[in-house]
Every structure is written in C-alpha cells, then in structure tokens.
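What follows is one structure encoded as structure tokens, with my remarks underneath.
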Amino acid sequence: MENNTLDAHTEELLKQYDEQLPIYEQMEKLAYDCLRHTLRKQGIYVTSIEHRIKERKSLQGKLELKGSKYATIDDVTDIVGLRVITFYSDDVDKVAAIVKRTFDIDWEKSVDKRKLHQMDSFGYNSLHYICNLPKTVIDDPEMPALNTIRFEIQMRTTLQHVWSTIEHDTGYKGDVKIPPEYKRQFSRLAGMLELIDNEFSRLRTTLIDYRRKVQSLVASGQLDDVLLDTETFRSYLKLQPFDRLNKRIAAINQAEIYPTSLLSFIPILKSFGFNTLGDVQKFITTYEEEAYQLAISQLAFTDLDILSENVGLLNLCIVYVVKNGGGILGLKHIFNFIYNEKECNYLAELAFKHASTLSFMKHQT
C-alpha cells in the first residue's frame, strides 16, 4: 500500500521512478553485459559482478530521508547499480581502468573511498564510479534516456565485501550508538583485514616475479639455481629436454609419439633426491644412453608403432633405480606413481627383466 504521509515531492519522484522503470531494466542489462564481456575480453578474472535495480520500497525510504537533495529522479545516481568484486586490491584499479574506457564517468559525483583512510571503514573503502552508457554501447534515438540516466559501479575486494556484509549484519553502521570498546574491536579487525588484503596482492606480485625469474633462469640454462617443483618443471618441459631421447627410441620401430603429461614424475624425481632442475639435467645426461639401450631391449622384437611421450623419462627412471640397487621393489615404487597397483608387480618384473640384459648389469656385483 502507498504511504499517504509522503510529501508531494517524494510522490513525484516515485512517480518518475515508475515511469522510467523499463529504462532502468534495459540499462541494467546493457551495463552488466557490456562490463562482463569487456572484463572477460581483457582477461580480468573477478569473483563476481553483482547488479540490481533499487526496489521501490528501498528508494522510498531513501527519499523520505534525503528527498530534498534531488530535483528529479535522475539525480538519484544509484537506482541502477553494479558491483565488481575482485580477489586482489590491485585488481580494483585494473577494473577501474576498464570501466573508465568503457563508460562515461561523472567525476564530480564519483568517489574513491579508499583514500579516506578511516580505520573502522574497511568494508566501505571501495571505489564508486557514477557512469553513463556511451553511444558506443547503445544509441537508440527512441530512448535517449539510456545515455543520460546515470548509474553506479562499485569496485571492491572480496575481503572488503565480506567485511561490509559483517558490518551490516551486526548493525555497526546503524542508528544505535556503539560503545567505545566495541568500536576499538571493529577498528582492530578492520586494520587486520586491510593488511591481509594488501599482503595478498603483494604476495601475488612476488610470485609473478618469481615465475618470471624462473623462466629466465631456465631459458638461459642456469638450471642449478632453479628448485624442482611443479611450476619450474613445467617451464623446463618447454625446452623439450626428453625430446632427443624420445626420438631415438621412436626410431627403433619408426613409431609415433603421442603427447602425455610428465608432471606425475615429479614425486619420483624428488624421491631420487633431485632438488633442482640442474639435478634433472645431469640425470638425463648420465643415463640417456643406457635408457636408449633399455628401449632397444624392450622394442626390438615388437611391432609397437605408437609410444607415449613419457617413454624416455620412464626408461631413465628404470635405469636409475636398477643401477642404484633399487631392484624390483624400487621399480614398483615408480610404477605405483604412474599406473594402478594391479599392474605394478608385472610391469616392475618385466622392466627388471629387460634391464638385466644391459651391459651395466653384468658388471654389478
């Protein structure tokens, strides 16, 4: 039911809202679709993009308090609102740069609340842009208001968003006066969350710099300085370190090599005591010839013409285990990582049988 106590100005503004609701609905969809598409195109990953049209009841409450500020309903700039939530604080600035290029910004009405530096306002330290849809997004002569009615885009981090929700849920920003001791608790927690927010961004930057450094070291061949882990091994594989051995093995039967991931070998290589990519490179150099001889023993009397890309690395591992006294039990350990347990005993015994024919086995005591 309509509140009969509303003053004439508020009723007029609500009437304008009702008349323009179809425009708001179209604006909301256009702004959301455009922003989502542009962020995706630019490769910016965000937690979510929220969008809504302020409900009539909510707007009425706002106008009852502040209606005198607005000459017309178009002066209420947050009837259509979008909120972009990012993981990292520095991504807020990236999103803001994209918003500036995508929409027309009313800089006089926009505000960067992050610069207010209020210790107890962490959840409200978001970036607020008041925008218009430019004609590059929509140009409809029959509905020119689509380009003139303003809307709001808020940009904040996930932690800021969670904190804002907590503040709202606890009524911290409500009308009830909060005792000083509770305010201090909120301030301390807000300060901690702001620190965490910034540290996550700094940690991401540090890790990105580390990955670039690793890629540079790998590309320059400084492998002894690069620790062996999933990320570094993936970079190392781009150099195709097993390619020469694989091609030699494939040539035995004129076989084709089909691609497969070699990342499952990382725990095996670590179990050998290899700590750096330099250790892996020395491992290849040291055992490559014997791994090739093992492949000859395996393939010479077969007609296999398709081989997995892991054939070279697997044979290197088999030779390493056998030469270092690991025997069938050590080979089972390898196959456990790669295949299911039912096949391990058979494969280990078969691999040991082929390895036993190699010359280095005959010289072992």
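A note on labels: chains of the structure tokens are A, B, ... as shown, every chain counts residues from 1, and ligands are counted from 1 in their shown order.
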
Query raised in the report: Can you tell me, as a list in words, what residues are no more than 8 Å from His51 (chain A) when counting only C-alpha atoms, ignoring any on the same chain fewer than 4 positions away?
Result: Glu28, Tyr32, Val80, Gly81, Leu82 and Arg83 of chain A

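The list of residues with at least one atom within 10 Å of Leu316 (chain A), based on only C-alpha atoms and without residues fewer than 5 positions apart in the same chain, reads Phe242, Leu245, Phe283, Ile284, Thr285, Thr286, Tyr287, Glu288, Glu289, Glu290, Ala291, Tyr292, Leu294, Ala295, Asn310, Val311 and Val321 of chain A.
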
Query - Spatial neighbours of region 192-203 of chain A, max dist 6 Å, only C-alpha atoms, sep filter under 3 positions, as number ranges by chain - result: A: 88, 189, 206

Using all heavy atoms, can you write the selected residues to a file as a compact mmCIF listing (two decimals), in the first residue's frame?
```txt
# COMPACT_ATOMS: atom_id res chain seq x y z
N TYR A 88 41.93 -9.43 -5.48
CA TYR A 88 43.09 -8.66 -5.04
C TYR A 88 42.83 -7.16 -5.14
O TYR A 88 42.14 -6.71 -6.05
CB TYR A 88 44.32 -9.03 -5.88
CG TYR A 88 44.65 -10.50 -5.83
CD1 TYR A 88 44.24 -11.35 -6.86
CD2 TYR A 88 45.35 -11.04 -4.76
CE1 TYR A 88 44.53 -12.71 -6.81
CE2 TYR A 88 45.64 -12.39 -4.71
CZ TYR A 88 45.23 -13.22 -5.74
OH TYR A 88 45.51 -14.55 -5.69
N LEU A 189 40.06 -5.15 13.95
CA LEU A 189 39.77 -6.17 12.94
C LEU A 189 39.82 -5.59 11.54
O LEU A 189 40.34 -6.23 10.60
CB LEU A 189 38.40 -6.80 13.21
CG LEU A 189 38.30 -7.70 14.43
CD1 LEU A 189 36.86 -8.06 14.71
CD2 LEU A 189 39.14 -8.95 14.25
N THR A 206 54.85 -10.91 -5.88
CA THR A 206 56.12 -11.61 -5.59
C THR A 206 56.19 -12.93 -6.36
O THR A 206 57.23 -13.27 -6.93
CB THR A 206 56.26 -11.86 -4.09
OG1 THR A 206 56.25 -10.61 -3.40
CG2 THR A 206 57.56 -12.60 -3.78
```

Query raised in the report: Residues at most 9 Å from region 228-240 of chain A, counting only C-alpha atoms, excluding those fewer than 2 positions away in the same chain, as a VMD selection string?
Result: chain A and resid 211 214 to 215 218 to 219 223 226 242 to 244 262 to 263 266 269 to 270 274 to 280

Quick one: write out the picked residues with C-alpha atoms as a tab-separated table (two decimals), in the first residue's frame?
```tsv
chain	number	residue	atom	x	y	z
A	211	ARG	CA	57.87	-17.20	-12.05
A	214	VAL	CA	62.45	-18.96	-13.06
A	215	GLN	CA	61.53	-18.77	-16.72
A	218	VAL	CA	65.52	-21.94	-17.33
A	219	ALA	CA	65.77	-20.23	-20.71
A	223	LEU	CA	69.26	-24.87	-14.02
A	226	VAL	CA	66.09	-23.43	-10.00
A	242	PHE	CA	63.50	-35.54	-23.30
A	243	ASP	CA	62.84	-34.93	-26.98
A	244	ARG	CA	66.16	-36.26	-28.29
A	262	LEU	CA	55.11	-35.71	-17.44
A	263	LEU	CA	54.19	-33.86	-14.24
A	266	ILE	CA	57.93	-35.01	-10.14
A	269	LEU	CA	62.40	-37.43	-9.31
A	270	LYS	CA	62.20	-35.95	-5.81
A	274	PHE	CA	66.81	-34.36	-7.02
A	275	ASN	CA	66.30	-30.85	-5.68
A	276	THR	CA	66.96	-28.66	-8.71
A	277	LEU	CA	66.41	-28.73	-12.44
A	278	GLY	CA	70.17	-29.00	-12.70
A	279	ASP	CA	69.93	-32.37	-10.95
A	280	VAL	CA	67.34	-33.48	-13.52
```

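In this comparison, which uses only C-alpha atoms, the residue of A:Ser68, A:Gln60, A:Gln20, A:Ser89 approaching Arg204 (chain A) most closely is A:Ser89.
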
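Put simply, CA of Ile257 (chain A) is 4.9 Å away from CA of Leu307 (chain A).
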
Requested in this report: Fewer than 5 positions away in the same chain doesn't count, so skip those; otherwise give me all residues within 7 Å of Val46 (chain A), counting only C-alpha atoms, as a list in words.
Outcome: Ile85, Thr86 and Phe87 of chain A

Query - alpha helix (DSSP H) call set, DSSP backbone run, region 118-357 of chain A, as a ChimeraX atom specification - result: /A:145-148,158-170,180-219,230-237,243-252,266-271,277-299,311-323,327-338,341-355

Could you please take those selected residues and save C-alpha atoms as a short mmCIF file (atom, residue, chain, number, x, y, z; two decimals), in the first residue's frame?
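Result saved to out-v1.cif:
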```
data_model
loop_
_atom_site.label_atom_id
_atom_site.label_comp_id
_atom_site.auth_asym_id
_atom_site.auth_seq_id
_atom_site.Cartn_x
_atom_site.Cartn_y
_atom_site.Cartn_z
CA ALA A 145 17.47 8.47 -21.70
CA LEU A 146 19.62 5.32 -21.92
CA ASN A 147 22.58 7.63 -22.49
CA THR A 148 21.67 10.31 -19.94
CA THR A 158 36.35 -9.91 -1.61
CA LEU A 159 37.57 -9.13 1.91
CA GLN A 160 36.11 -5.62 1.73
CA HIS A 161 32.83 -7.08 0.57
CA VAL A 162 32.74 -9.67 3.37
CA TRP A 163 33.60 -7.01 5.95
CA SER A 164 30.89 -4.71 4.64
CA THR A 165 28.38 -7.54 4.97
CA ILE A 166 29.52 -8.23 8.53
CA GLU A 167 29.18 -4.55 9.44
CA HIS A 168 25.69 -4.50 8.01
CA ASP A 169 24.72 -7.77 9.71
CA THR A 170 25.95 -6.64 13.13
CA PRO A 180 33.87 2.72 22.50
CA GLU A 181 35.28 -0.72 23.41
CA TYR A 182 33.30 -2.36 20.58
CA LYS A 183 34.39 0.35 18.17
CA ARG A 184 38.00 -0.40 19.08
CA GLN A 185 37.44 -4.10 18.34
CA PHE A 186 35.97 -3.26 14.94
CA SER A 187 38.86 -0.91 14.20
CA ARG A 188 41.47 -3.53 15.08
CA LEU A 189 39.77 -6.17 12.94
CA ALA A 190 39.33 -3.74 10.06
CA GLY A 191 43.03 -2.87 10.24
CA MET A 192 44.00 -6.55 10.21
CA LEU A 193 41.80 -7.27 7.19
CA GLU A 194 43.17 -4.29 5.31
CA LEU A 195 46.70 -5.54 5.99
CA ILE A 196 45.74 -9.05 4.79
CA ASP A 197 44.14 -7.58 1.67
CA ASN A 198 47.33 -5.70 0.81
CA GLU A 199 49.59 -8.64 1.65
CA PHE A 200 47.68 -10.98 -0.66
CA SER A 201 48.26 -8.53 -3.51
CA ARG A 202 51.93 -8.19 -2.62
CA LEU A 203 52.34 -11.97 -2.39
CA ARG A 204 50.79 -12.40 -5.83
CA THR A 205 53.20 -9.82 -7.27
CA THR A 206 56.12 -11.61 -5.59
CA LEU A 207 55.06 -14.96 -7.05
CA ILE A 208 54.64 -13.48 -10.52
CA ASP A 209 58.16 -12.02 -10.27
CA TYR A 210 59.45 -15.40 -9.09
CA ARG A 211 57.87 -17.20 -12.05
CA ARG A 212 59.41 -14.71 -14.45
CA LYS A 213 62.79 -15.19 -12.80
CA VAL A 214 62.45 -18.96 -13.06
CA GLN A 215 61.53 -18.77 -16.72
CA SER A 216 64.55 -16.55 -17.34
CA LEU A 217 66.90 -18.92 -15.49
CA VAL A 218 65.52 -21.94 -17.33
CA ALA A 219 65.77 -20.23 -20.71
CA THR A 230 55.55 -28.31 -10.47
CA GLU A 231 55.86 -24.74 -11.77
CA THR A 232 59.57 -24.95 -12.59
CA PHE A 233 59.32 -28.41 -14.12
CA ARG A 234 56.52 -27.19 -16.36
CA SER A 235 58.81 -24.38 -17.59
CA TYR A 236 61.64 -26.87 -18.03
CA LEU A 237 59.48 -29.13 -20.20
CA ASP A 243 62.84 -34.93 -26.98
CA ARG A 244 66.16 -36.26 -28.29
CA LEU A 245 65.89 -39.50 -26.29
CA ASN A 246 62.24 -39.96 -27.31
CA LYS A 247 63.09 -39.55 -30.99
CA ARG A 248 65.92 -42.07 -30.72
CA ILE A 249 63.59 -44.56 -29.07
CA ALA A 250 60.80 -43.93 -31.60
CA ALA A 251 63.24 -44.56 -34.44
CA ILE A 252 63.75 -48.16 -33.27
CA ILE A 266 57.93 -35.01 -10.14
CA PRO A 267 57.47 -37.06 -6.91
CA ILE A 268 59.58 -39.83 -8.47
CA LEU A 269 62.40 -37.43 -9.31
CA LYS A 270 62.20 -35.95 -5.81
CA SER A 271 62.36 -39.44 -4.30
CA LEU A 277 66.41 -28.73 -12.44
CA GLY A 278 70.17 -29.00 -12.70
CA ASP A 279 69.93 -32.37 -10.95
CA VAL A 280 67.34 -33.48 -13.52
CA GLN A 281 69.54 -32.32 -16.40
CA LYS A 282 72.55 -34.25 -15.03
CA PHE A 283 70.27 -37.27 -14.60
CA ILE A 284 69.35 -37.14 -18.31
CA THR A 285 72.95 -36.69 -19.44
CA THR A 286 74.22 -39.51 -17.20
CA TYR A 287 71.62 -42.16 -18.01
CA GLU A 288 70.45 -41.29 -21.53
CA GLU A 289 72.50 -43.89 -23.39
CA GLU A 290 71.53 -46.72 -21.07
CA ALA A 291 67.85 -45.65 -21.24
CA TYR A 292 68.12 -45.94 -25.02
CA GLN A 293 69.73 -49.39 -24.76
CA LEU A 294 66.89 -50.46 -22.46
CA ALA A 295 64.37 -49.28 -25.09
CA ILE A 296 66.10 -51.43 -27.71
CA SER A 297 65.74 -54.43 -25.41
CA GLN A 298 62.06 -53.61 -24.91
CA LEU A 299 61.11 -52.87 -28.51
CA VAL A 311 58.83 -43.35 -22.66
CA GLY A 312 62.20 -41.63 -22.42
CA LEU A 313 61.74 -40.33 -18.88
CA LEU A 314 60.30 -43.65 -17.71
CA ASN A 315 63.29 -45.57 -19.08
CA LEU A 316 65.66 -43.07 -17.46
CA CYS A 317 63.95 -43.73 -14.12
CA ILE A 318 64.12 -47.51 -14.60
CA VAL A 319 67.83 -47.39 -15.36
CA TYR A 320 68.49 -45.08 -12.41
CA VAL A 321 66.69 -47.40 -9.96
CA VAL A 322 68.32 -50.58 -11.23
CA LYS A 323 71.84 -49.09 -11.38
CA GLY A 327 65.69 -53.72 -7.74
CA ILE A 328 62.13 -54.81 -8.39
CA LEU A 329 60.87 -53.11 -5.23
CA GLY A 330 62.27 -49.76 -6.41
CA LEU A 331 60.66 -50.25 -9.83
CA LYS A 332 57.32 -50.98 -8.20
CA HIS A 333 57.66 -47.64 -6.44
CA ILE A 334 57.97 -45.91 -9.84
CA PHE A 335 55.05 -47.72 -11.45
CA ASN A 336 52.89 -47.02 -8.39
CA PHE A 337 53.01 -43.33 -9.25
CA ILE A 338 52.12 -43.86 -12.91
CA GLU A 341 48.58 -51.09 -8.30
CA LYS A 342 47.34 -54.22 -10.11
CA GLU A 343 49.81 -53.65 -12.94
CA CYS A 344 52.78 -52.66 -10.77
CA ASN A 345 54.18 -56.11 -9.97
CA TYR A 346 54.02 -57.30 -13.56
CA LEU A 347 55.49 -54.10 -15.01
CA ALA A 348 58.26 -53.95 -12.42
CA GLU A 349 59.27 -57.54 -13.09
CA LEU A 350 59.16 -57.01 -16.86
CA ALA A 351 61.22 -53.82 -16.63
CA PHE A 352 63.79 -55.53 -14.41
CA LYS A 353 63.99 -58.44 -16.84
CA HIS A 354 64.78 -56.11 -19.76
CA ALA A 355 67.23 -54.08 -17.66
#
```
